[in-house]
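Source file my_file-v4.tsv; content: TSV, N, CA and C atoms.
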chain	number	residue	atom	x	y	z
A	1	MET	N	34.78	27.64	-13.39
A	1	MET	CA	35.24	26.41	-12.78
A	1	MET	C	35.56	26.69	-11.32
A	2	PHE	N	35.13	25.79	-10.45
A	2	PHE	CA	35.38	25.94	-9.03
A	2	PHE	C	36.63	25.17	-8.64
A	3	VAL	N	37.46	25.78	-7.82
A	3	VAL	CA	38.66	25.10	-7.36
A	3	VAL	C	38.70	24.98	-5.83
A	4	ASP	N	37.80	25.71	-5.16
A	4	ASP	CA	37.79	25.61	-3.71
A	4	ASP	C	36.71	24.62	-3.26
A	5	ASP	N	36.87	24.05	-2.08
A	5	ASP	CA	35.96	23.03	-1.58
A	5	ASP	C	34.53	23.54	-1.44
A	6	LYS	N	34.35	24.77	-0.95
A	6	LYS	CA	33.01	25.32	-0.77
A	6	LYS	C	32.29	25.47	-2.10
A	7	GLY	N	33.00	25.97	-3.12
A	7	GLY	CA	32.39	26.13	-4.43
A	7	GLY	C	31.97	24.80	-5.03
A	8	ILE	N	32.81	23.80	-4.89
A	8	ILE	CA	32.49	22.46	-5.40
A	8	ILE	C	31.30	21.88	-4.64
A	9	LYS	N	31.32	22.03	-3.31
A	9	LYS	CA	30.23	21.52	-2.48
A	9	LYS	C	28.91	22.19	-2.86
A	10	ASP	N	28.93	23.50	-3.03
A	10	ASP	CA	27.71	24.23	-3.40
A	10	ASP	C	27.20	23.81	-4.77
A	11	LEU	N	28.10	23.59	-5.71
A	11	LEU	CA	27.72	23.15	-7.05
A	11	LEU	C	27.05	21.78	-7.00
A	12	TRP	N	27.63	20.85	-6.24
A	12	TRP	CA	27.04	19.52	-6.10
A	12	TRP	C	25.69	19.59	-5.40
A	13	LYS	N	25.57	20.44	-4.37
A	13	LYS	CA	24.31	20.59	-3.65
A	13	LYS	C	23.23	21.08	-4.60
A	14	GLU	N	23.55	22.09	-5.39
A	14	GLU	CA	22.59	22.63	-6.36
A	14	GLU	C	22.19	21.57	-7.38
A	15	TYR	N	23.17	20.83	-7.87
A	15	TYR	CA	22.90	19.77	-8.86
A	15	TYR	C	21.99	18.71	-8.27
A	16	MET	N	22.28	18.24	-7.05
A	16	MET	CA	21.49	17.18	-6.44
A	16	MET	C	20.07	17.65	-6.11
A	17	GLU	N	19.92	18.89	-5.67
A	17	GLU	CA	18.59	19.43	-5.40
A	17	GLU	C	17.77	19.49	-6.68
A	18	LYS	N	18.37	19.90	-7.77
A	18	LYS	CA	17.67	19.95	-9.05
A	18	LYS	C	17.31	18.54	-9.51
A	19	LEU	N	18.25	17.62	-9.36
A	19	LEU	CA	18.04	16.24	-9.79
A	19	LEU	C	16.89	15.59	-9.03
A	20	THR	N	16.82	15.83	-7.73
A	20	THR	CA	15.82	15.15	-6.91
A	20	THR	C	14.50	15.90	-6.79
A	21	ASN	N	14.45	17.16	-7.16
A	21	ASN	CA	13.23	17.94	-6.97
A	21	ASN	C	12.50	18.30	-8.25
A	22	ASP	N	13.15	18.23	-9.40
A	22	ASP	CA	12.47	18.56	-10.65
A	22	ASP	C	11.51	17.44	-11.03
A	23	GLU	N	10.34	17.84	-11.45
A	23	GLU	CA	9.36	16.86	-11.92
A	23	GLU	C	9.66	16.51	-13.37
A	24	ASN	N	9.63	15.23	-13.68
A	24	ASN	CA	9.81	14.79	-15.05
A	24	ASN	C	8.45	14.68	-15.72
A	25	GLU	N	8.39	15.14	-16.96
A	25	GLU	CA	7.13	15.04	-17.69
A	25	GLU	C	6.95	13.61	-18.18
A	26	TRP	N	5.70	13.17	-18.17
A	26	TRP	CA	5.37	11.82	-18.59
A	26	TRP	C	4.31	11.91	-19.67
A	27	ASP	N	4.56	11.27	-20.80
A	27	ASP	CA	3.64	11.37	-21.92
A	27	ASP	C	2.53	10.31	-21.90
A	28	HIS	N	2.53	9.42	-20.91
A	28	HIS	CA	1.53	8.37	-20.73
A	28	HIS	C	1.48	7.40	-21.91
A	29	LYS	N	2.52	7.31	-22.70
A	29	LYS	CA	2.54	6.40	-23.84
A	29	LYS	C	2.90	4.97	-23.44
A	30	ILE	N	3.50	4.80	-22.28
A	30	ILE	CA	3.89	3.46	-21.84
A	30	ILE	C	2.70	2.80	-21.17
A	31	SER	N	2.42	1.60	-21.58
A	31	SER	CA	1.33	0.86	-20.95
A	31	SER	C	1.78	-0.58	-20.73
A	32	ALA	N	1.16	-1.21	-19.79
A	32	ALA	CA	1.48	-2.61	-19.51
A	32	ALA	C	0.20	-3.33	-19.11
A	33	GLU	N	0.14	-4.59	-19.46
A	33	GLU	CA	-1.02	-5.38	-19.09
A	33	GLU	C	-0.94	-5.75	-17.62
A	34	VAL	N	-2.08	-5.80	-16.99
A	34	VAL	CA	-2.13	-6.21	-15.60
A	34	VAL	C	-2.02	-7.73	-15.56
A	35	LYS	N	-1.11	-8.21	-14.76
A	35	LYS	CA	-0.92	-9.66	-14.66
A	35	LYS	C	-1.54	-10.13	-13.36
A	36	GLU	N	-2.38	-11.11	-13.48
A	36	GLU	CA	-3.00	-11.68	-12.30
A	36	GLU	C	-2.53	-13.11	-12.16
A	37	GLY	N	-2.56	-13.60	-10.95
A	37	GLY	CA	-2.13	-14.97	-10.69
A	37	GLY	C	-0.75	-14.99	-10.09
A	38	PRO	N	-0.20	-16.18	-9.97
A	38	PRO	CA	1.10	-16.30	-9.31
A	38	PRO	C	2.22	-15.69	-10.16
A	39	ALA	N	3.24	-15.23	-9.47
A	39	ALA	CA	4.40	-14.66	-10.15
A	39	ALA	C	5.16	-15.76	-10.87
A	40	ASP	N	5.77	-15.40	-11.99
A	40	ASP	CA	6.59	-16.36	-12.72
A	40	ASP	C	7.86	-16.64	-11.92
A	41	CYS	N	8.26	-17.90	-11.93
A	41	CYS	CA	9.51	-18.27	-11.26
A	41	CYS	C	10.69	-17.85	-12.12
A	42	ILE	N	11.76	-17.54	-11.47
A	42	ILE	CA	13.01	-17.21	-12.16
A	42	ILE	C	13.64	-18.53	-12.59
A	43	ARG	N	14.18	-18.55	-13.79
A	43	ARG	CA	14.76	-19.78	-14.34
A	43	ARG	C	16.27	-19.82	-14.11
A	44	MET	N	16.82	-21.01	-14.11
A	44	MET	CA	18.25	-21.22	-13.90
A	44	MET	C	19.07	-20.49	-14.96
A	45	ASP	N	18.62	-20.50	-16.22
A	45	ASP	CA	19.39	-19.82	-17.26
A	45	ASP	C	19.43	-18.30	-17.03
A	46	GLU	N	18.39	-17.75	-16.42
A	46	GLU	CA	18.39	-16.32	-16.10
A	46	GLU	C	19.41	-16.02	-15.00
A	47	VAL	N	19.49	-16.89	-14.01
A	47	VAL	CA	20.47	-16.71	-12.93
A	47	VAL	C	21.88	-16.81	-13.49
A	48	ARG	N	22.13	-17.82	-14.31
A	48	ARG	CA	23.46	-17.98	-14.90
A	48	ARG	C	23.86	-16.76	-15.74
A	49	ALA	N	22.91	-16.24	-16.51
A	49	ALA	CA	23.20	-15.06	-17.34
A	49	ALA	C	23.52	-13.85	-16.45
A	50	ALA	N	22.76	-13.69	-15.36
A	50	ALA	CA	23.01	-12.56	-14.45
A	50	ALA	C	24.37	-12.71	-13.77
A	51	LEU	N	24.71	-13.93	-13.37
A	51	LEU	CA	26.00	-14.17	-12.72
A	51	LEU	C	27.17	-13.90	-13.67
A	52	LYS	N	26.99	-14.20	-14.94
A	52	LYS	CA	28.05	-13.93	-15.93
A	52	LYS	C	28.28	-12.43	-16.10
A	53	GLU	N	27.22	-11.65	-15.91
A	53	GLU	CA	27.33	-10.20	-16.09
A	53	GLU	C	27.88	-9.49	-14.85
A	54	MET	N	27.96	-10.19	-13.72
A	54	MET	CA	28.48	-9.56	-12.51
A	54	MET	C	29.94	-9.18	-12.70
A	55	LYS	N	30.29	-8.01	-12.20
A	55	LYS	CA	31.68	-7.56	-12.30
A	55	LYS	C	32.53	-8.32	-11.30
A	56	ARG	N	33.72	-8.65	-11.70
A	56	ARG	CA	34.65	-9.39	-10.84
A	56	ARG	C	35.58	-8.41	-10.13
A	57	TYR	N	36.12	-8.86	-9.02
A	57	TYR	CA	37.13	-8.13	-8.24
A	57	TYR	C	36.61	-6.79	-7.71
A	58	LYS	N	35.34	-6.81	-7.28
A	58	LYS	CA	34.73	-5.62	-6.70
A	58	LYS	C	34.47	-5.87	-5.22
A	59	ALA	N	34.35	-4.80	-4.45
A	59	ALA	CA	34.04	-4.91	-3.02
A	59	ALA	C	32.64	-5.49	-2.84
A	60	PRO	N	32.43	-6.27	-1.79
A	60	PRO	CA	31.10	-6.85	-1.56
A	60	PRO	C	30.10	-5.79	-1.11
A	61	GLY	N	28.84	-6.07	-1.35
A	61	GLY	CA	27.76	-5.20	-0.89
A	61	GLY	C	27.32	-5.62	0.50
A	62	LEU	N	26.06	-5.33	0.84
A	62	LEU	CA	25.53	-5.65	2.16
A	62	LEU	C	25.56	-7.14	2.46
A	63	SER	N	25.38	-7.97	1.45
A	63	SER	CA	25.34	-9.42	1.68
A	63	SER	C	26.71	-9.99	2.01
A	64	GLY	N	27.77	-9.28	1.65
A	64	GLY	CA	29.12	-9.78	1.87
A	64	GLY	C	29.58	-10.74	0.78
A	65	LEU	N	28.72	-11.00	-0.19
A	65	LEU	CA	29.06	-11.91	-1.28
A	65	LEU	C	29.69	-11.15	-2.44
A	66	VAL	N	30.64	-11.79	-3.07
A	66	VAL	CA	31.21	-11.25	-4.31
A	66	VAL	C	31.06	-12.31	-5.39
A	67	ALA	N	31.14	-11.89	-6.63
A	67	ALA	CA	30.93	-12.79	-7.76
A	67	ALA	C	31.86	-14.01	-7.70
A	68	GLU	N	33.09	-13.78	-7.26
A	68	GLU	CA	34.06	-14.89	-7.21
A	68	GLU	C	33.63	-15.98	-6.23
A	69	MET	N	32.97	-15.60	-5.14
A	69	MET	CA	32.50	-16.60	-4.17
A	69	MET	C	31.43	-17.50	-4.79
A	70	ILE	N	30.48	-16.88	-5.45
A	70	ILE	CA	29.39	-17.65	-6.07
A	70	ILE	C	29.95	-18.53	-7.17
A	71	GLU	N	30.86	-17.98	-7.95
A	71	GLU	CA	31.47	-18.73	-9.04
A	71	GLU	C	32.28	-19.92	-8.52
A	72	ALA	N	32.95	-19.72	-7.38
A	72	ALA	CA	33.81	-20.77	-6.83
A	72	ALA	C	33.04	-22.00	-6.37
A	73	ILE	N	31.81	-21.82	-5.92
A	73	ILE	CA	31.05	-22.99	-5.46
A	73	ILE	C	30.17	-23.58	-6.55
A	74	GLY	N	30.27	-23.02	-7.75
A	74	GLY	CA	29.66	-23.63	-8.93
A	74	GLY	C	28.15	-23.76	-8.87
A	75	ASP	N	27.65	-24.93	-9.26
A	75	ASP	CA	26.21	-25.16	-9.37
A	75	ASP	C	25.48	-25.02	-8.04
A	76	ILE	N	26.15	-25.33	-6.95
A	76	ILE	CA	25.52	-25.18	-5.63
A	76	ILE	C	25.19	-23.70	-5.38
A	77	GLY	N	26.13	-22.81	-5.69
A	77	GLY	CA	25.90	-21.38	-5.52
A	77	GLY	C	24.82	-20.86	-6.44
A	78	THR	N	24.83	-21.34	-7.67
A	78	THR	CA	23.82	-20.92	-8.64
A	78	THR	C	22.44	-21.36	-8.17
A	79	GLN	N	22.34	-22.58	-7.67
A	79	GLN	CA	21.06	-23.09	-7.17
A	79	GLN	C	20.61	-22.31	-5.95
A	80	TRP	N	21.56	-21.95	-5.08
A	80	TRP	CA	21.24	-21.19	-3.87
A	80	TRP	C	20.65	-19.83	-4.25
A	81	ILE	N	21.29	-19.16	-5.22
A	81	ILE	CA	20.79	-17.86	-5.69
A	81	ILE	C	19.40	-18.02	-6.31
A	82	LEU	N	19.21	-19.07	-7.10
A	82	LEU	CA	17.91	-19.33	-7.72
A	82	LEU	C	16.84	-19.53	-6.65
A	83	ASP	N	17.13	-20.35	-5.64
A	83	ASP	CA	16.17	-20.60	-4.56
A	83	ASP	C	15.86	-19.32	-3.80
A	84	LEU	N	16.88	-18.53	-3.53
A	84	LEU	CA	16.70	-17.27	-2.83
A	84	LEU	C	15.77	-16.34	-3.61
A	85	CYS	N	16.08	-16.16	-4.89
A	85	CYS	CA	15.29	-15.25	-5.73
A	85	CYS	C	13.85	-15.74	-5.88
A	86	ASN	N	13.67	-17.02	-6.12
A	86	ASN	CA	12.31	-17.53	-6.26
A	86	ASN	C	11.56	-17.47	-4.94
A	87	GLY	N	12.26	-17.66	-3.83
A	87	GLY	CA	11.63	-17.51	-2.52
A	87	GLY	C	11.13	-16.10	-2.30
A	88	ILE	N	11.91	-15.13	-2.74
A	88	ILE	CA	11.51	-13.73	-2.61
A	88	ILE	C	10.33	-13.44	-3.53
A	89	VAL	N	10.38	-13.95	-4.76
A	89	VAL	CA	9.29	-13.75	-5.72
A	89	VAL	C	7.99	-14.32	-5.15
A	90	LYS	N	8.07	-15.47	-4.50
A	90	LYS	CA	6.88	-16.12	-3.95
A	90	LYS	C	6.53	-15.58	-2.57
A	91	LYS	N	7.32	-14.59	-2.08
A	91	LYS	CA	7.13	-13.99	-0.76
A	91	LYS	C	7.27	-15.01	0.37
A	92	LYS	N	8.14	-15.94	0.15
A	92	LYS	CA	8.48	-16.91	1.18
A	92	LYS	C	9.99	-16.89	1.30
A	93	HIS	N	10.49	-17.23	2.43
A	93	HIS	CA	11.92	-17.32	2.61
A	93	HIS	C	12.35	-18.75	2.31
A	94	PRO	N	13.33	-18.94	1.44
A	94	PRO	CA	13.81	-20.28	1.17
A	94	PRO	C	14.30	-20.95	2.45
A	95	ARG	N	14.12	-22.23	2.53
A	95	ARG	CA	14.52	-23.00	3.70
A	95	ARG	C	16.00	-22.79	4.00
A	96	GLY	N	16.31	-22.57	5.27
A	96	GLY	CA	17.70	-22.42	5.67
A	96	GLY	C	18.24	-21.01	5.52
A	97	LEU	N	17.38	-20.06	5.17
A	97	LEU	CA	17.85	-18.68	5.01
A	97	LEU	C	17.16	-17.79	6.02
A	98	GLU	N	17.87	-16.79	6.43
A	98	GLU	CA	17.31	-15.78	7.32
A	98	GLU	C	17.52	-14.44	6.63
A	99	ILE	N	16.45	-13.68	6.43
A	99	ILE	CA	16.56	-12.40	5.75
A	99	ILE	C	16.55	-11.30	6.82
A	100	LYS	N	17.60	-10.49	6.85
A	100	LYS	CA	17.70	-9.38	7.79
A	100	LYS	C	18.30	-8.18	7.09
A	101	CYS	N	17.65	-7.05	7.20
A	101	CYS	CA	18.20	-5.78	6.71
A	101	CYS	C	18.74	-5.87	5.29
A	102	GLY	N	18.07	-6.57	4.41
A	102	GLY	CA	18.51	-6.63	3.03
A	102	GLY	C	19.66	-7.58	2.78
A	103	THR	N	20.03	-8.38	3.78
A	103	THR	CA	21.11	-9.35	3.57
A	103	THR	C	20.58	-10.75	3.76
A	104	ALA	N	21.20	-11.70	3.17
A	104	ALA	CA	20.83	-13.09	3.33
A	104	ALA	C	21.98	-13.81	4.05
A	105	ASN	N	21.65	-14.48	5.11
A	105	ASN	CA	22.66	-15.21	5.87
A	105	ASN	C	22.24	-16.66	5.98
A	106	LEU	N	23.16	-17.56	5.76
A	106	LEU	CA	22.88	-18.97	5.97
A	106	LEU	C	22.76	-19.23	7.45
A	107	GLN	N	21.69	-19.92	7.86
A	107	GLN	CA	21.55	-20.29	9.25
A	107	GLN	C	22.36	-21.55	9.50
A	108	ARG	N	22.93	-21.65	10.65
A	108	ARG	CA	23.71	-22.85	10.98
A	108	ARG	C	22.84	-23.84	11.69
As structure tokens, please, write out the structure in this file.
Amino acid sequence: MFVDDKGIKDLWKEYMEKLTNDENEWDHKISAEVKEGPADCIRMDEVRAALKEMKRYKAPGLSGLVAEMIEAIGDIGTQWILDLCNGIVKKKHPRGLEIKCGTANLQR
């Protein structure tokens, strides 16, 4: 067991190097059909289910949004998330949104 900072740092470095550099074996048993045509739109019930699973009282990510904010504005927030996600799926930006550096900001 390491109790000094250098020993702990070296152990973590070794662990991370192994984690990121070891090749994982693949048995090629997983297969998927190729889907052609337009992407499926995300449904409102999927957004609601995802919002219910979001953890509450956590620090915001890059977007600055937290679950409580989306929950507080109710159906408007749910619809906004749905439009955003479907806009991304369709490779278009939903009207009134500006996408920068992985964040979504409402334009004024």
For the interface of region 4-64 of chain A with region 74-92 of chain A (cut-off 6.5 Å, counting all atoms listed in the file), please tabulate each contacting residue of region 4-64 of chain A alongside its nearest pair of atoms and their separation in Å to one decimal, rows sorted by chain and increasing number, as JSON lines.
{"residue": "A:Ala39", "atom": "CA", "partner": "A:Val89", "partner_atom": "C", "distance": 6.2}
{"residue": "A:Cys41", "atom": "CA", "partner": "A:Asn86", "partner_atom": "CA", "distance": 5.8}
{"residue": "A:Ile42", "atom": "N", "partner": "A:Asn86", "partner_atom": "CA", "distance": 5.2}
{"residue": "A:Met44", "atom": "CA", "partner": "A:Leu82", "partner_atom": "CA", "distance": 6.5}
{"residue": "A:Val47", "atom": "CA", "partner": "A:Leu82", "partner_atom": "CA", "distance": 6.4}
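The gap separating atom C of Asp27 (chain A) from CA of Tyr15 (chain A) is 26.0 Å, in Å to one decimal.
The spacing separating atom N of Ala59 (chain A) from atom C of Arg43 (chain A) amounts to 25.4 Å.
The two atoms in question, CA of Ala50 (chain A) and CA of Leu65 (chain A), are spaced 14.5 Å apart.
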